[in-house]
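Q: Okay, here's the structure, questions in a sec.
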Amino acid sequence: MTHTANSARLYLASASPRRRELLAQIGLAHEVLLVPAPPGEDEPQHPGESAADYVQRTARDKALRGRDWMLGRDLPQLPLLAADTTVILAGAVLGKPADRDDAMRILHALSGSAHEVHTAVAVWTGDRLLETVSITEVRMRELADAEIGRYCDSGEPYGKAGAYGIQGLAGTFISHIAGSYTGVMGLPLFETANLLRAAGIPVP
């Protein structure tokens, strides 16, 4: 667990630096709870599970694993926030690229087309689990092969759903967005703030 402030009002069950930055942006003191992932494939999609259901279930599972980790280690009991971001193209989940070839494949698929970014947020507090989801449509301009290659060489695509980060170099690829910019980054601040208020957590 990484301590960020003694006055933390909640745990963030995520190692994502972008989510930490976004919570800090709205002045919400928090601590990062680094919960080990379950063994096996990283967040597999269940057979027959839709992409929309997948992202919501994954956020819910992260929140419940974080709750169990906290309670099992006698940590101070604070509300816990978890989130999952998924890029969906034509109903299919585009996850984090496994390697350079996979990143190239994903970016070629996104080039010149519109896709959706779903970010599901789950907050556990007391005996309640509250959930919400942000859905944003993103259009990416046509990318030349050389552009995709240079972007992959930058290292930015790795560890990111859909093999790009809108807040980084790939910001120049995005021609249109309809929805939540911070949702595409990994934590939709409008929806998250509303969820936290519903959980009784004051938001500045």
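Each chain in the structure tokens gets a letter, A, B and so on, in the order shown; residues start at 1 in every chain, and ligands are counted from 1 in the order they appear.
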Would you list the contacts of Gly171 in chain A as a short mmCIF file (atom, residue, chain, number, x, y, z; two decimals) with N, CA, C and O atoms, in the first residue's frame, taking every protein, DNA or RNA residue within 12 Å and counting only C-alpha atoms, but skipping same-chain residues closer than 2 positions in sequence?

A:
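Dumped to part13.cif:
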data_model
loop_
_atom_site.label_atom_id
_atom_site.label_comp_id
_atom_site.auth_asym_id
_atom_site.auth_seq_id
_atom_site.Cartn_x
_atom_site.Cartn_y
_atom_site.Cartn_z
N VAL A 138 -15.20 7.82 -29.26
CA VAL A 138 -13.93 8.42 -29.68
C VAL A 138 -13.69 8.09 -31.15
O VAL A 138 -13.87 6.93 -31.56
N ARG A 139 -13.33 9.09 -31.92
CA ARG A 139 -12.98 8.83 -33.33
C ARG A 139 -11.50 9.12 -33.52
O ARG A 139 -11.00 10.17 -33.12
N MET A 140 -10.82 8.18 -34.16
CA MET A 140 -9.40 8.31 -34.44
C MET A 140 -9.21 8.55 -35.93
O MET A 140 -9.83 7.88 -36.76
N ARG A 141 -8.37 9.52 -36.27
CA ARG A 141 -8.12 9.79 -37.68
C ARG A 141 -7.33 8.64 -38.31
O ARG A 141 -6.81 7.76 -37.62
N TYR A 151 4.79 5.53 -32.85
CA TYR A 151 4.06 5.56 -31.59
C TYR A 151 4.38 4.32 -30.76
O TYR A 151 4.59 4.41 -29.55
N GLU A 156 4.51 4.21 -25.36
CA GLU A 156 3.26 4.67 -24.74
C GLU A 156 2.10 3.67 -24.83
O GLU A 156 1.27 3.61 -23.92
N TYR A 164 -3.48 2.91 -26.55
CA TYR A 164 -3.19 4.34 -26.67
C TYR A 164 -3.60 5.06 -25.39
O TYR A 164 -4.45 4.59 -24.63
N GLY A 165 -2.96 6.22 -25.17
CA GLY A 165 -3.31 7.08 -24.06
C GLY A 165 -3.69 8.45 -24.61
O GLY A 165 -2.85 9.13 -25.21
N ILE A 166 -4.93 8.86 -24.40
CA ILE A 166 -5.40 10.12 -24.98
C ILE A 166 -4.68 11.32 -24.39
O ILE A 166 -4.55 12.36 -25.03
N GLN A 167 -4.17 11.17 -23.15
CA GLN A 167 -3.49 12.28 -22.49
C GLN A 167 -2.03 12.41 -22.91
O GLN A 167 -1.35 13.33 -22.47
N GLY A 168 -1.57 11.50 -23.78
CA GLY A 168 -0.18 11.52 -24.19
C GLY A 168 -0.03 11.86 -25.67
O GLY A 168 -0.79 12.66 -26.23
N LEU A 169 0.93 11.21 -26.31
CA LEU A 169 1.20 11.48 -27.72
C LEU A 169 0.00 11.20 -28.61
O LEU A 169 -0.20 11.86 -29.63
N PHE A 173 -3.97 11.95 -32.37
CA PHE A 173 -4.68 11.02 -33.24
C PHE A 173 -6.20 11.19 -33.17
O PHE A 173 -6.92 10.71 -34.04
N ILE A 174 -6.68 11.84 -32.11
CA ILE A 174 -8.11 11.86 -31.83
C ILE A 174 -8.77 13.07 -32.49
O ILE A 174 -8.48 14.22 -32.15
N SER A 175 -9.68 12.79 -33.42
CA SER A 175 -10.33 13.88 -34.16
C SER A 175 -11.64 14.31 -33.51
O SER A 175 -12.11 15.43 -33.74
N HIS A 176 -12.25 13.43 -32.70
CA HIS A 176 -13.55 13.77 -32.11
C HIS A 176 -13.76 12.93 -30.86
O HIS A 176 -13.37 11.76 -30.82
N ILE A 177 -14.41 13.54 -29.87
CA ILE A 177 -14.78 12.81 -28.67
C ILE A 177 -16.16 13.28 -28.23
O ILE A 177 -16.45 14.48 -28.26
N TYR A 181 -13.82 13.05 -21.29
CA TYR A 181 -12.39 12.98 -21.56
C TYR A 181 -11.68 12.24 -20.42
O TYR A 181 -10.83 11.37 -20.66
N VAL A 184 -12.02 8.53 -20.63
CA VAL A 184 -11.08 7.90 -21.55
C VAL A 184 -9.71 7.77 -20.88
O VAL A 184 -8.99 6.78 -21.10
N MET A 185 -9.36 8.72 -20.04
CA MET A 185 -8.10 8.63 -19.30
C MET A 185 -8.11 7.49 -18.27
O MET A 185 -7.06 6.93 -17.94
#

Q: For a quick check of understanding, using only C-alpha atoms, which of A:Arg73, A:Arg150, A:Arg65, A:Arg105 has the smallest distance to Ala170 in chain A?

A: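 Smallest separation from Ala170 in chain A among the options: A:Arg150.
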
Q: So which one's closest to Gly126 in chain A, A:Ala59, A:Leu34, A:Leu80, A:Ala24? Using only C-alpha atoms, please.

A: A:Leu80

Q: Excluding Ala146 in chain A and its own-chain neighbours fewer than 6 positions away, which residues fall within 12 Å of it when counting only C-alpha atoms? Please give them as a list in words.

A: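 Counting only the stated atoms, we get Met104, Leu107, His108, Cys152 and Asp153 of chain A.
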
Q: Tell me, which residues of chain A carry DSSP strand (DSSP E), written as a count of residues only?

A: 49

Q: Using only C-alpha atoms, which residue out of A:Gly162, A:Gly155, A:Gly27, A:Pro188 lies closest to Ser134 in chain A?

A: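 Closest residue, counting only C-alpha atoms: A:Pro188.
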